[in-house]
$ cat target_33.txt   # compact mmCIF, C-alpha atoms
# COMPACT_ATOMS: atom_id res chain seq x y z
CA MET E 1 28.91 -1.82 29.15
CA HIS E 2 28.12 1.83 29.83
CA GLU E 3 30.21 2.80 26.82
CA LYS E 4 28.28 0.42 24.56
CA ILE E 5 24.95 1.74 25.84
CA ALA E 6 26.11 5.30 25.14
CA GLN E 7 27.13 4.29 21.61
CA ILE E 8 23.74 2.66 21.00
CA ARG E 9 21.90 5.76 22.25
CA SER E 10 24.03 7.97 20.04
CA LEU E 11 23.31 5.77 17.01
CA LEU E 12 19.57 5.74 17.72
CA SER E 13 19.57 9.51 18.09
CA GLU E 14 21.38 9.91 14.77
CA LEU E 15 18.98 7.54 13.01
CA GLU E 16 16.00 9.42 14.48
CA SER E 17 17.35 12.80 13.36
CA ASP E 18 18.16 11.52 9.88
CA ALA E 19 14.65 10.07 9.57
CA ILE E 20 13.11 13.39 10.59
CA GLN E 21 15.31 15.21 8.10
CA GLU E 22 14.50 12.83 5.25
CA ASP E 23 10.77 12.85 5.98
CA ASN E 24 10.53 16.64 6.04
CA ALA E 25 12.94 17.32 3.19
CA VAL E 26 10.61 15.74 0.66
CA LYS E 27 8.03 18.39 1.56
CA PHE E 28 10.48 21.20 0.77
CA ARG E 29 10.55 21.79 -2.97
CA ALA E 30 13.70 22.68 -4.87
CA PHE E 31 15.19 26.06 -4.03
CA SER E 32 15.37 28.51 -6.93
CA GLY E 33 18.12 31.11 -7.15
CA LEU E 34 15.49 33.55 -8.38
CA GLU E 35 13.96 33.51 -4.89
CA LEU E 36 17.19 34.43 -3.10
CA PRO E 37 16.71 38.24 -3.42
CA ASP E 38 13.23 37.95 -1.87
CA ILE E 39 14.57 35.87 1.01
CA ILE E 40 17.42 38.28 1.72
CA CYS E 41 15.03 41.24 1.61
CA ASP E 42 12.76 39.54 4.13
CA VAL E 43 15.71 38.74 6.41
CA VAL E 44 16.86 42.38 6.33
CA ASP E 45 13.44 44.01 6.53
CA LEU E 46 11.56 41.64 8.85
CA LEU E 47 14.00 39.55 10.89
CA MET E 48 17.15 41.61 11.31
CA PRO E 49 15.47 44.36 13.42
CA GLU E 50 14.42 41.65 15.90
CA LEU E 51 17.87 40.07 16.33
CA LYS E 52 20.99 40.94 18.28
CA PRO E 53 24.24 41.15 16.24
CA TYR E 54 25.53 37.69 17.19
CA GLU E 55 22.12 36.13 16.58
CA LEU E 56 21.97 37.64 13.10
CA SER E 57 25.48 36.39 12.27
CA PHE E 58 24.65 32.84 13.27
CA TYR E 59 21.28 32.88 11.51
CA ILE E 60 22.94 33.98 8.24
CA HIS E 61 25.53 31.22 8.72
CA PHE E 62 22.76 28.65 9.21
CA LEU E 63 20.83 29.97 6.21
CA ARG E 64 23.96 29.94 4.02
CA HIS E 65 24.77 26.30 4.78
CA SER E 66 21.22 24.97 4.53
CA ILE E 67 18.57 26.51 2.28
CA ILE E 68 20.89 28.65 0.15
CA GLU E 69 23.49 25.90 -0.32
CA ASN E 70 21.27 22.94 -1.12
CA GLY E 71 17.62 23.88 -0.70
CA ASN E 72 17.40 21.79 2.47
CA PRO E 73 16.24 23.60 5.64
CA TYR E 74 18.24 21.32 7.95
CA ILE E 75 21.77 21.81 9.26
CA ARG E 76 23.79 19.96 11.91
CA VAL E 77 26.20 22.12 13.89
CA SER E 78 28.45 21.90 16.91
CA ARG E 79 28.24 24.80 19.31
CA ARG E 80 31.92 24.57 20.14
CA GLY E 81 32.74 24.30 16.45
CA MET E 82 30.96 27.62 15.85
CA GLN E 83 33.23 29.54 18.23
CA SER E 84 35.50 30.33 15.28
CA GLY E 85 34.93 30.71 11.56
CA VAL E 86 31.52 32.36 11.84
CA VAL E 87 32.04 35.78 13.39
CA LYS E 88 34.82 37.45 15.38
CA SER E 89 34.42 38.12 19.06
CA ALA E 90 33.35 41.64 19.95
CA TYR E 91 36.49 41.81 22.10
CA ALA E 92 38.87 41.09 19.19
CA GLY E 93 41.65 43.69 19.11
CA SER E 94 41.30 44.64 22.79
CA THR E 95 42.21 43.18 26.15
CA SER E 96 38.89 43.96 27.80
CA GLY E 97 36.71 41.13 28.97
CA GLY E 98 39.76 39.00 29.71
CA LYS E 99 40.38 38.37 26.00
CA ASP E 100 43.70 38.15 24.22
CA ALA E 101 44.01 41.17 21.93
CA ASP E 102 44.76 38.93 18.93
CA SER E 103 41.98 36.43 19.62
CA GLY E 104 38.86 36.62 17.50
CA VAL E 105 37.28 33.46 18.91
CA ALA E 106 33.82 33.91 20.36
CA SER E 107 33.22 32.41 23.77
CA PHE E 108 31.13 29.27 24.16
CA LYS E 109 28.66 31.31 26.23
CA THR E 110 28.27 33.81 23.38
CA VAL E 111 27.53 31.01 20.89
CA GLN E 112 25.12 29.37 23.32
CA GLN E 113 23.23 32.60 24.00
CA ALA E 114 22.98 33.43 20.29
CA ILE E 115 21.56 30.01 19.40
CA GLU E 116 19.15 30.10 22.34
CA GLY E 117 18.04 33.56 21.20
CA LEU E 118 17.36 32.26 17.68
CA GLU E 119 15.38 29.34 19.11
CA LYS E 120 13.36 31.64 21.34
CA ILE E 121 12.34 33.94 18.49
CA GLY E 122 11.55 30.93 16.29
CA ALA E 123 14.25 31.48 13.66
CA ILE E 124 15.63 27.96 14.16
CA ARG E 125 14.21 24.84 15.77
CA GLN E 126 16.12 21.94 17.28
CA GLU E 127 15.29 18.54 15.81
CA GLY E 128 16.17 15.52 17.95
CA GLU E 129 18.93 15.10 20.52
CA PRO E 130 22.57 16.20 20.02
CA ASN E 131 25.15 13.58 19.02
CA ARG E 132 28.91 13.53 18.43
CA GLU E 133 28.52 15.44 15.16
CA GLY E 134 26.48 18.22 16.72
CA THR E 135 22.82 19.19 16.91
CA LEU E 136 20.35 19.09 14.05
CA TYR E 137 18.44 22.35 13.51
CA ARG E 138 15.65 23.30 11.14
CA VAL E 139 16.22 26.79 9.72
CA ARG E 140 12.99 28.74 9.34
CA LEU E 141 12.38 31.47 6.77
CA PRO E 142 10.97 34.88 7.81
CA GLU E 143 7.49 34.01 6.51
CA GLU E 144 7.38 31.14 9.04
CA ILE E 145 8.45 33.28 12.01
CA GLU E 146 5.61 34.86 13.98
CA VAL E 147 7.45 38.07 14.86
CA CYS E 148 8.23 38.61 11.15
CA GLN E 149 4.60 38.05 10.25
CA HIS E 150 3.61 40.75 12.72
CA ARG E 151 6.26 43.14 11.40
CA ARG E 152 5.08 42.59 7.83
CA ALA E 153 1.52 43.39 8.92
CA GLU E 154 2.69 46.55 10.69
CA GLN E 155 4.62 47.78 7.67
CA ALA E 156 1.70 47.45 5.32
CA GLU E 157 -1.77 46.01 5.11
CA ARG E 158 -2.35 43.10 2.79
CA PRO E 159 -1.07 44.11 -0.66
CA SER E 160 -3.83 45.63 -2.75
CA ILE E 161 -4.06 44.37 -6.31
CA THR E 162 -5.03 46.92 -8.93
CA ALA E 163 -7.48 46.33 -11.77
CA THR E 164 -4.62 46.24 -14.26
CA GLU E 165 -2.82 43.58 -12.23
CA ARG E 166 -5.96 41.47 -12.03
CA GLU E 167 -5.69 41.00 -15.76
CA ALA E 168 -2.14 39.65 -15.39
CA ASP E 169 -1.12 36.03 -14.86
CA PHE E 170 -0.81 35.37 -11.13
CA TYR E 171 -0.35 31.63 -11.54
CA ASN E 172 2.67 31.28 -13.81
CA ILE E 173 4.60 34.51 -13.10
CA ARG E 174 6.76 34.07 -9.98
CA GLU E 175 6.57 37.70 -8.83
CA ASN E 176 2.77 37.60 -9.02
CA ARG E 177 2.58 34.26 -7.20
CA ILE E 178 4.47 35.81 -4.27
CA LYS E 179 1.85 38.57 -4.10
CA ILE E 180 -0.90 35.99 -3.58
CA TYR E 181 1.11 34.20 -0.89
CA GLU E 182 1.68 37.51 0.92
CA ARG E 183 -1.97 38.48 0.54
CA ASP E 184 -2.91 35.22 2.28
CA ASN E 185 -0.13 35.58 4.89
CA TYR E 186 1.52 32.32 3.77
CA HIS E 187 -1.32 30.25 5.24
CA CYS E 188 -3.41 27.61 3.53
CA THR E 189 -6.81 29.25 3.13
CA TYR E 190 -8.51 25.86 3.57
CA CYS E 191 -6.85 24.25 6.62
CA GLY E 192 -4.87 27.21 8.01
CA LYS E 193 -1.49 25.46 7.86
CA GLN E 194 1.62 27.68 8.03
CA LEU E 195 3.44 27.59 4.69
CA THR E 196 6.57 29.02 3.09
CA ARG E 197 7.31 30.15 -0.46
CA PHE E 198 8.64 26.62 -1.00
CA THR E 199 5.67 24.66 0.35
CA ALA E 200 2.80 26.92 -0.77
CA THR E 201 0.79 26.23 -3.92
CA LEU E 202 -1.91 28.19 -5.73
CA ASP E 203 -5.39 26.79 -6.20
CA HIS E 204 -7.98 27.99 -8.70
CA ILE E 205 -11.30 28.83 -7.00
CA THR E 206 -13.09 28.22 -10.30
CA PRO E 207 -11.18 25.46 -12.13
CA VAL E 208 -9.64 26.35 -15.48
CA SER E 209 -11.63 23.47 -16.98
CA GLU E 210 -14.79 25.32 -15.89
CA GLY E 211 -13.73 28.66 -17.36
CA GLY E 212 -11.61 29.98 -14.48
CA ASP E 213 -8.58 32.16 -15.18
CA ASN E 214 -5.25 33.00 -13.55
CA SER E 215 -6.38 36.32 -12.08
CA ALA E 216 -5.69 37.22 -8.46
CA ASP E 217 -9.38 36.98 -7.56
CA ASN E 218 -9.53 33.38 -8.77
CA LEU E 219 -6.51 32.13 -6.82
CA LYS E 220 -6.04 31.06 -3.21
CA THR E 221 -2.95 29.94 -1.32
CA ALA E 222 -3.20 26.25 -0.43
CA CYS E 223 -1.03 23.52 1.01
CA LEU E 224 -0.21 20.62 -1.31
CA GLN E 225 -2.54 18.25 0.54
CA CYS E 226 -5.63 20.50 0.25
CA ASN E 227 -4.81 21.39 -3.34
CA SER E 228 -4.46 17.72 -4.24
CA ARG E 229 -7.74 16.79 -2.54
CA LYS E 230 -9.67 19.64 -4.18
CA THR E 231 -8.28 18.87 -7.69
CA ALA E 232 -10.58 20.43 -10.30
CA ARG E 233 -13.76 20.47 -8.24
CA PRO E 234 -15.65 23.72 -7.64
CA LEU E 235 -14.79 25.35 -4.32
CA GLY E 236 -18.28 24.80 -2.89
CA ASP E 237 -18.12 21.05 -3.47
CA PHE E 238 -14.70 20.79 -1.80
CA LEU E 239 -15.73 22.86 1.24
CA ALA E 240 -18.91 20.81 1.64
CA GLU E 241 -16.85 17.64 1.73
CA THR E 242 -14.41 19.17 4.23
CA ASP E 243 -17.23 20.28 6.56
CA ALA E 244 -18.77 16.81 6.44
CA ARG E 245 -15.64 15.22 7.89

$ encode --input "target_33.txt" --output "structure tokens"
Amino acid sequence: MHEKIAQIRSLLSELESDAIQEDNAVKFRAFSGLELPDIICDVVDLLMPELKPYELSFYIHFLRHSIIENGNPYIRVSRRGMQSGVVKSAYAGSTSGGKDADSGVASFKTVQQAIEGLEKIGAIRQEGEPNREGTLYRVRLPEEIEVCQHRRAEQAERPSITATEREADFYNIRENRIKIYERDNYHCTYCGKQLTRFTATLDHITPVSEGGDNSADNLKTACLQCNSRKTARPLGDFLAETDAR
């Protein structure tokens, strides 16, 4: 009886995790290979200085087998399964620490501490309870991680946009879109929701149908929900409706 109850709990946990993954995956738009250089730069410049060596190794492993591989921020892993095949133990090649000189397997404690460190800093987040296949984690990009946001702010103030750039297209050109997202700190300027380069959209303050253009001054970062609700209405009308709620 106890074995059947355990099996039922495991099945329910798996169904719950899969439901969470499916529900959130639809909000994560398709990953573009053109964005990979920007992501790697952010990992190196913003996140890497905050991580210990093992933590960085496991984060890169998580990132490789989630967002980079299939555009999905979720990955299920077994802590014991990550003892080998991810990174060699720091004791590999020596007999110190009670390790075999030829063993490159990281200890379970090392894996556990690295994952806990990533959770603490906000680089990954556990989703649901562990099951026989491992634990489901949500991998977070640097723009979602608070310590990276602070480091970005310390490195430079919000990017200034020159007069020449204001004449450029900040809506259709990917590099320019990123500048608007960074200017707004990857937050929806209407509801304040934390966004990523995958979930952020750009909204025209003055609708194109009313003579608005694609300049930086006429664009705001918005979540999909706020952008959809605003549609082509003037900003003042949308804000008045929001305040009335």

$ residues_around --input "target_33.txt" --residues "E:Leu63" --least-positions-apart "3" --cutoff "10 Å" --atoms "all atoms listed in the file" --output "PyMOL selection string"
chain E and resi 57-60+66-69+71-75+124+138-141

$ write_last_selection --input "target_33.txt" --atoms "C-alpha atoms" --output "compact mmCIF listing (two decimals), keeping the file's coordinate frame"
# COMPACT_ATOMS: atom_id res chain seq x y z
CA SER E 57 25.48 36.39 12.27
CA PHE E 58 24.65 32.84 13.27
CA TYR E 59 21.28 32.88 11.51
CA ILE E 60 22.94 33.98 8.24
CA SER E 66 21.22 24.97 4.53
CA ILE E 67 18.57 26.51 2.28
CA ILE E 68 20.89 28.65 0.15
CA GLU E 69 23.49 25.90 -0.32
CA GLY E 71 17.62 23.88 -0.70
CA ASN E 72 17.40 21.79 2.47
CA PRO E 73 16.24 23.60 5.64
CA TYR E 74 18.24 21.32 7.95
CA ILE E 75 21.77 21.81 9.26
CA ILE E 124 15.63 27.96 14.16
CA ARG E 138 15.65 23.30 11.14
CA VAL E 139 16.22 26.79 9.72
CA ARG E 140 12.99 28.74 9.34
CA LEU E 141 12.38 31.47 6.77

$ atom_distance --input "target_33.txt" --atom1 "atom CA of E:Thr201" --atom2 "atom CA of E:Pro49"
29.1 Å

$ residues_around --input "target_33.txt" --residues "E:Lys109" --least-positions-apart "3" --cutoff "12 Å" --atoms "all atoms listed in the file" --output "number ranges by chain"
E: 54, 79-80, 82-83, 89, 105-106, 112-117

$ atom_distance --input "target_33.txt" --atom1 "atom CA of E:Ile205" --atom2 "atom CA of E:Cys188"
13.2 Å

$ closest_residue --input "target_33.txt" --among "E:Gly122, E:Tyr171, E:Glu146, E:His61" --to "E:Gly212" --atoms "only C-alpha atoms"
E:Tyr171

$ closest_residue --input "target_33.txt" --among "E:Asn218, E:Arg229, E:Ile173, E:Glu143" --to "E:Thr199" --atoms "all atoms listed in the file"
E:Glu143

$ atom_distance --input "target_33.txt" --atom1 "atom CA of E:Glu129" --atom2 "atom CA of E:Val77"
12.1 Å

$ residues_near_point --input "target_33.txt" --point "(25.0, 17.3, 18.0)" --cutoff "8 Å" --atoms "all atoms listed in the file" --output "list in words"
Arg76, Val77, Ser78, Glu129, Pro130, Asn131, Arg132, Glu133, Gly134, Thr135 and Leu136 of chain E

$ residues_around --input "target_33.txt" --residues "stretch 221-223 of chain E" --least-positions-apart "4" --cutoff "12 Å" --atoms "all atoms listed in the file" --output "ChimeraX atom specification"
/E:27-28,170-171,177-205,216-217,227-231
